[in-house]
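Below: final_14.pdb (PDB, C-alpha atoms and all ligand atoms)
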```pdb
ATOM      1  CA  MET A  23      42.259 -11.354 -18.983  1.00  0.00           C
ATOM      2  CA  VAL A  24      40.844 -11.024 -15.533  1.00  0.00           C
ATOM      3  CA  ALA A  25      40.417  -7.305 -16.065  1.00  0.00           C
ATOM      4  CA  LEU A  26      38.517  -7.898 -19.322  1.00  0.00           C
ATOM      5  CA  VAL A  27      36.091 -10.334 -17.702  1.00  0.00           C
ATOM      6  CA  THR A  28      35.484  -7.900 -14.881  1.00  0.00           C
ATOM      7  CA  ARG A  29      34.813  -5.095 -17.338  1.00  0.00           C
ATOM      8  CA  ARG A  30      32.321  -7.243 -19.286  1.00  0.00           C
ATOM      9  CA  LYS A  31      30.491  -8.056 -16.074  1.00  0.00           C
ATOM     10  CA  ALA A  32      30.336  -4.388 -15.201  1.00  0.00           C
ATOM     11  CA  ILE A  33      28.849  -3.556 -18.605  1.00  0.00           C
ATOM     12  CA  ALA A  34      26.346  -6.404 -18.367  1.00  0.00           C
ATOM     13  CA  GLY A  35      25.340  -5.176 -14.939  1.00  0.00           C
ATOM     14  CA  ALA A  36      24.871  -1.638 -16.184  1.00  0.00           C
ATOM     15  CA  VAL A  37      22.691  -2.803 -19.074  1.00  0.00           C
ATOM     16  CA  ALA A  38      20.636  -4.998 -16.766  1.00  0.00           C
ATOM     17  CA  SER A  39      19.930  -2.140 -14.402  1.00  0.00           C
ATOM     18  CA  VAL A  40      18.850   0.156 -17.246  1.00  0.00           C
ATOM     19  CA  ILE A  41      16.508  -2.525 -18.591  1.00  0.00           C
ATOM     20  CA  ALA A  42      15.159  -3.283 -15.111  1.00  0.00           C
ATOM     21  CA  LEU A  43      13.968   0.287 -14.502  1.00  0.00           C
ATOM     22  CA  PRO A  44      10.859   0.162 -16.723  1.00  0.00           C
ATOM     23  CA  LEU A  45       9.946  -3.195 -15.193  1.00  0.00           C
ATOM     24  CA  VAL A  46       9.240  -1.533 -11.855  1.00  0.00           C
ATOM     25  CA  PRO A  47       6.555   0.930 -12.888  1.00  0.00           C
ATOM     26  CA  LYS A  48       4.967   3.108 -10.255  1.00  0.00           C
ATOM     27  CA  THR A  49       1.866   3.223 -12.390  1.00  0.00           C
ATOM     28  CA  PRO A  50       0.064   0.573 -14.410  1.00  0.00           C
ATOM     29  CA  ALA A  51      -0.445   1.184 -18.113  1.00  0.00           C
ATOM     30  CA  ALA A  52      -4.172   1.910 -17.837  1.00  0.00           C
ATOM     31  CA  GLY A  53      -4.306   5.249 -16.096  1.00  0.00           C
ATOM     32  CA  GLN A  54      -2.803   6.810 -13.050  1.00  0.00           C
ATOM     33  CA  PRO A  55      -3.514   5.111  -9.756  1.00  0.00           C
ATOM     34  CA  THR A  56      -4.645   7.360  -6.952  1.00  0.00           C
ATOM     35  CA  VAL A  57      -3.211   7.294  -3.465  1.00  0.00           C
ATOM     36  CA  HIS A  58      -6.115   7.730  -1.080  1.00  0.00           C
ATOM     37  CA  GLU A  59      -4.773   9.267   2.120  1.00  0.00           C
ATOM     38  CA  LEU A  60      -6.859   8.281   5.127  1.00  0.00           C
ATOM     39  CA  LYS A  61      -6.313   9.300   8.700  1.00  0.00           C
ATOM     40  CA  ILE A  62      -7.061   7.463  11.869  1.00  0.00           C
ATOM     41  CA  GLN A  63      -8.274  10.121  14.279  1.00  0.00           C
ATOM     42  CA  SER A  64     -10.194   9.855  17.559  1.00  0.00           C
ATOM     43  CA  PHE A  65     -10.741   6.129  17.023  1.00  0.00           C
ATOM     44  CA  LYS A  66     -12.223   6.624  13.559  1.00  0.00           C
ATOM     45  CA  PHE A  67     -11.082   6.036  10.022  1.00  0.00           C
ATOM     46  CA  VAL A  68     -11.352   9.403   8.247  1.00  0.00           C
ATOM     47  CA  PRO A  69     -13.025   9.131   5.853  1.00  0.00           C
ATOM     48  CA  ASP A  70     -14.524   5.750   6.672  1.00  0.00           C
ATOM     49  CA  ARG A  71     -15.999   5.200   3.201  1.00  0.00           C
ATOM     50  CA  ILE A  72     -14.188   5.858  -0.045  1.00  0.00           C
ATOM     51  CA  ARG A  73     -14.447   4.943  -3.688  1.00  0.00           C
ATOM     52  CA  VAL A  74     -11.367   3.440  -5.334  1.00  0.00           C
ATOM     53  CA  ARG A  75     -10.226   1.733  -8.506  1.00  0.00           C
ATOM     54  CA  PHE A  76      -8.030  -1.297  -9.082  1.00  0.00           C
ATOM     55  CA  GLY A  77      -4.394  -0.324  -8.742  1.00  0.00           C
ATOM     56  CA  ASP A  78      -5.151   2.532  -6.381  1.00  0.00           C
ATOM     57  CA  VAL A  79      -3.389   2.671  -3.044  1.00  0.00           C
ATOM     58  CA  ILE A  80      -5.113   3.243   0.261  1.00  0.00           C
ATOM     59  CA  LYS A  81      -2.813   4.774   2.829  1.00  0.00           C
ATOM     60  CA  TRP A  82      -3.719   5.028   6.495  1.00  0.00           C
ATOM     61  CA  THR A  83      -1.848   7.284   8.899  1.00  0.00           C
ATOM     62  CA  ASN A  84      -2.499   6.926  12.601  1.00  0.00           C
ATOM     63  CA  GLU A  85      -2.812  10.308  14.300  1.00  0.00           C
ATOM     64  CA  ASP A  86      -4.001   8.878  17.612  1.00  0.00           C
ATOM     65  CA  LEU A  87      -1.809   8.091  20.589  1.00  0.00           C
ATOM     66  CA  ALA A  88      -3.359   4.620  20.667  1.00  0.00           C
ATOM     67  CA  PRO A  89      -2.145   2.017  18.191  1.00  0.00           C
ATOM     68  CA  HIS A  90      -4.573   0.921  15.503  1.00  0.00           C
ATOM     69  CA  THR A  91      -4.766  -1.393  12.519  1.00  0.00           C
ATOM     70  CA  ALA A  92      -6.752  -1.520   9.332  1.00  0.00           C
ATOM     71  CA  THR A  93      -7.613  -5.204   9.052  1.00  0.00           C
ATOM     72  CA  ALA A  94      -9.899  -6.801   6.475  1.00  0.00           C
ATOM     73  CA  ASP A  95     -13.037  -8.263   8.050  1.00  0.00           C
ATOM     74  CA  GLU A  96     -12.011 -11.790   7.039  1.00  0.00           C
ATOM     75  CA  PHE A  97      -8.286 -11.052   7.575  1.00  0.00           C
ATOM     76  CA  GLY A  98      -7.422 -11.138   3.869  1.00  0.00           C
ATOM     77  CA  TRP A  99      -5.151  -8.138   4.334  1.00  0.00           C
ATOM     78  CA  ASP A 100      -3.860  -6.169   7.292  1.00  0.00           C
ATOM     79  CA  THR A 101      -1.752  -3.099   7.910  1.00  0.00           C
ATOM     80  CA  GLU A 102      -0.573  -4.635  11.187  1.00  0.00           C
ATOM     81  CA  GLU A 103      -0.110  -2.377  14.167  1.00  0.00           C
ATOM     82  CA  LEU A 104       0.264   1.323  13.424  1.00  0.00           C
ATOM     83  CA  ALA A 105       1.791   3.325  16.241  1.00  0.00           C
ATOM     84  CA  LYS A 106       1.206   7.067  16.516  1.00  0.00           C
ATOM     85  CA  GLY A 107       2.373   8.742  13.322  1.00  0.00           C
ATOM     86  CA  ALA A 108       2.876   5.471  11.447  1.00  0.00           C
ATOM     87  CA  SER A 109       1.467   4.806   7.984  1.00  0.00           C
ATOM     88  CA  ALA A 110       0.728   1.740   5.928  1.00  0.00           C
ATOM     89  CA  GLU A 111      -0.461   1.229   2.389  1.00  0.00           C
ATOM     90  CA  VAL A 112      -2.621  -1.401   0.744  1.00  0.00           C
ATOM     91  CA  THR A 113      -2.993  -1.694  -3.019  1.00  0.00           C
ATOM     92  CA  VAL A 114      -6.488  -2.325  -4.351  1.00  0.00           C
ATOM     93  CA  VAL A 115      -6.587  -5.626  -6.214  1.00  0.00           C
ATOM     94  CA  GLU A 116      -9.367  -7.740  -7.663  1.00  0.00           C
ATOM     95  CA  GLY A 117     -11.216  -9.921  -5.190  1.00  0.00           C
ATOM     96  CA  MET A 118      -9.928  -8.232  -2.077  1.00  0.00           C
ATOM     97  CA  GLU A 119     -12.134  -7.631   0.922  1.00  0.00           C
ATOM     98  CA  THR A 120     -13.531  -4.124   1.017  1.00  0.00           C
ATOM     99  CA  SER A 121     -14.648  -3.905   4.632  1.00  0.00           C
ATOM    100  CA  TYR A 122     -12.203  -3.534   7.438  1.00  0.00           C
ATOM    101  CA  PHE A 123     -11.918  -2.770  11.113  1.00  0.00           C
ATOM    102  CA  CYS A 124      -9.319  -2.112  13.774  1.00  0.00           C
ATOM    103  CA  ALA A 125      -8.098  -5.307  15.383  1.00  0.00           C
ATOM    104  CA  PHE A 126      -7.634  -3.498  18.705  1.00  0.00           C
ATOM    105  CA  HIS A 127     -10.936  -1.625  18.618  1.00  0.00           C
ATOM    106  CA  PRO A 128     -13.407  -3.693  16.595  1.00  0.00           C
ATOM    107  CA  HIS A 129     -16.043  -0.956  16.735  1.00  0.00           C
ATOM    108  CA  MET A 130     -13.808   1.051  14.375  1.00  0.00           C
ATOM    109  CA  LYS A 131     -14.996   0.209  10.887  1.00  0.00           C
ATOM    110  CA  GLY A 132     -14.288   1.373   7.384  1.00  0.00           C
ATOM    111  CA  SER A 133     -14.971   0.282   3.845  1.00  0.00           C
ATOM    112  CA  PHE A 134     -14.285   1.153   0.266  1.00  0.00           C
ATOM    113  CA  GLU A 135     -16.190   0.647  -2.933  1.00  0.00           C
ATOM    114  CA  ILE A 136     -14.313  -0.440  -6.029  1.00  0.00           C
ATOM    115  CA  ALA A 137     -15.650   1.525  -8.987  1.00  0.00           C
TER     116      ALA A 137
HETATM  117 CU    CU B 201      -7.904   0.972  16.869  1.00  0.00          CU
END
```
Please lay out the structure from this file as structure tokens.
Amino acid sequence: MVALVTRRKAIAGAVASVIALPLVPKTPAAGQPTVHELKIQSFKFVPDRIRVRFGDVIKWTNEDLAPHTATADEFGWDTEELAKGASAEVTVVEGMETSYFCAFHPHMKGSFEIA
């Protein structure tokens, strides 16, 4: 009896995991999102202006020795500190701030336009 119950649980678990897979889509139904790869080089966001769509991902990689952040002007989102070689991603959603700066070096600025 115990063995039967265990087997049923195992089957239920297997079914649940199969069903769960499509619920974690990498892409929304309406088109492929783009991953926009930006670098942080010589205290600049490169490129510092891009055009994106909802669902796209903006990915910053810090290639400087100095740590940087990409932080929304009104702090609505933030990559937090990126050490040399570190990356962080932000997904473009409706209503998000589109101008950002580096919290450590506020003269570093970037923005994106949502098409
Ligand atoms: Cu910085």
message: I'd like the neighbourhood of Thr93 (chain A) as a list of chain:residue names, where a residue qualifies if any of its atoms comes within 8 Å (using all atoms listed in the file), though same-chain residues fewer than 2 positions away should be ignored.
response: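 The residues that qualify are A:Thr91, A:Asp95, A:Phe97, A:Gly98, A:Trp99, A:Asp100, A:Thr101, A:Glu102, A:Tyr122, A:Phe123, A:Cys124, A:Ala125.
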Restricted to C-alpha atoms, what would the selected residues look like written as a PDB file, in the coordinates of the input?
```pdb
ATOM      1  CA  THR A  91      -4.766  -1.393  12.519  1.00  0.00           C
ATOM      2  CA  ASP A  95     -13.037  -8.263   8.050  1.00  0.00           C
ATOM      3  CA  PHE A  97      -8.286 -11.052   7.575  1.00  0.00           C
ATOM      4  CA  GLY A  98      -7.422 -11.138   3.869  1.00  0.00           C
ATOM      5  CA  TRP A  99      -5.151  -8.138   4.334  1.00  0.00           C
ATOM      6  CA  ASP A 100      -3.860  -6.169   7.292  1.00  0.00           C
ATOM      7  CA  THR A 101      -1.752  -3.099   7.910  1.00  0.00           C
ATOM      8  CA  GLU A 102      -0.573  -4.635  11.187  1.00  0.00           C
ATOM      9  CA  TYR A 122     -12.203  -3.534   7.438  1.00  0.00           C
ATOM     10  CA  PHE A 123     -11.918  -2.770  11.113  1.00  0.00           C
ATOM     11  CA  CYS A 124      -9.319  -2.112  13.774  1.00  0.00           C
ATOM     12  CA  ALA A 125      -8.098  -5.307  15.383  1.00  0.00           C
TER      13      ALA A 125
END
```
- request: Kindly work out which residues sit at most 7 Å from ligand CU 201 (chain B), using only C-alpha atoms and all ligand atoms, and give the list as a ChimeraX atom specification.
  value: /A:65,88-91,124-127,130
Deliver the residues from the most recent selection as a file, using C-alpha atoms, as an mmCIF file, in the coordinates of the input.
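That gives us selection35.cif:
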```cif
data_model
loop_
_atom_site.group_PDB
_atom_site.id
_atom_site.type_symbol
_atom_site.label_atom_id
_atom_site.label_comp_id
_atom_site.auth_asym_id
_atom_site.auth_seq_id
_atom_site.Cartn_x
_atom_site.Cartn_y
_atom_site.Cartn_z
ATOM 1 C CA PHE A 65 -10.741 6.129 17.023
ATOM 2 C CA ALA A 88 -3.359 4.620 20.667
ATOM 3 C CA PRO A 89 -2.145 2.017 18.191
ATOM 4 C CA HIS A 90 -4.573 0.921 15.503
ATOM 5 C CA THR A 91 -4.766 -1.393 12.519
ATOM 6 C CA CYS A 124 -9.319 -2.112 13.774
ATOM 7 C CA ALA A 125 -8.098 -5.307 15.383
ATOM 8 C CA PHE A 126 -7.634 -3.498 18.705
ATOM 9 C CA HIS A 127 -10.936 -1.625 18.618
ATOM 10 C CA MET A 130 -13.808 1.051 14.375
#
```
field: Matched chain/residue IDs from the PyMOL selection byres (((chain A and resi 76) around 12) and not hetatm), as a ChimeraX atom specification
entry: /A:49-50,52-57,73-75,77-80,112-118,120,134-137
Between CA of Glu59 (chain A) and CA of Lys106 (chain A), distance in Å (one decimal): 15.7 Å
- request: Give as a PyMOL selection string the residues that the PyMOL selection byres (((chain A and resi 64) around 10) and not hetatm) matches when applied to the coordinates above.
  value: chain A and resi 61-63+65-68+84-88
How would the residues just chosen look if you wrote them out with C-alpha atoms as an mmCIF file, in the frame of the given file?
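Written output follows (out39.cif):
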```cif
data_model
loop_
_atom_site.group_PDB
_atom_site.id
_atom_site.type_symbol
_atom_site.label_atom_id
_atom_site.label_comp_id
_atom_site.auth_asym_id
_atom_site.auth_seq_id
_atom_site.Cartn_x
_atom_site.Cartn_y
_atom_site.Cartn_z
ATOM 1 C CA LYS A 61 -6.313 9.300 8.700
ATOM 2 C CA ILE A 62 -7.061 7.463 11.869
ATOM 3 C CA GLN A 63 -8.274 10.121 14.279
ATOM 4 C CA PHE A 65 -10.741 6.129 17.023
ATOM 5 C CA LYS A 66 -12.223 6.624 13.559
ATOM 6 C CA PHE A 67 -11.082 6.036 10.022
ATOM 7 C CA VAL A 68 -11.352 9.403 8.247
ATOM 8 C CA ASN A 84 -2.499 6.926 12.601
ATOM 9 C CA GLU A 85 -2.812 10.308 14.300
ATOM 10 C CA ASP A 86 -4.001 8.878 17.612
ATOM 11 C CA LEU A 87 -1.809 8.091 20.589
ATOM 12 C CA ALA A 88 -3.359 4.620 20.667
#
```
query: CA of Ser121 (chain A) to CA of Ile72 (chain A): how many Å, to one decimal?
result: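 Computing the Euclidean distance for CA of Ser121 (chain A) and CA of Ile72 (chain A) yields 10.8 Å.
From CA of Ala94 (chain A) back to CA of His129 (chain A), the distance works out to 13.3 Å.
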Output, as lines of an AutoDock Vina configuration file, the centre and edge lengths in Å (one decimal) of the axis-aligned box that contains all listed atoms of region 66-76 of chain A with 3 Å of margin on each side.
```
center_x = -12.0
center_y = 4.1
center_z = 2.2
size_x = 14.0
size_y = 16.7
size_z = 28.6
```
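Remark: for Glu119 (chain A), the closest of the candidate residues A:Lys81, A:Glu96, A:Gly107, A:Gly132 is A:Glu96 (distances computed over all atoms listed in the file).
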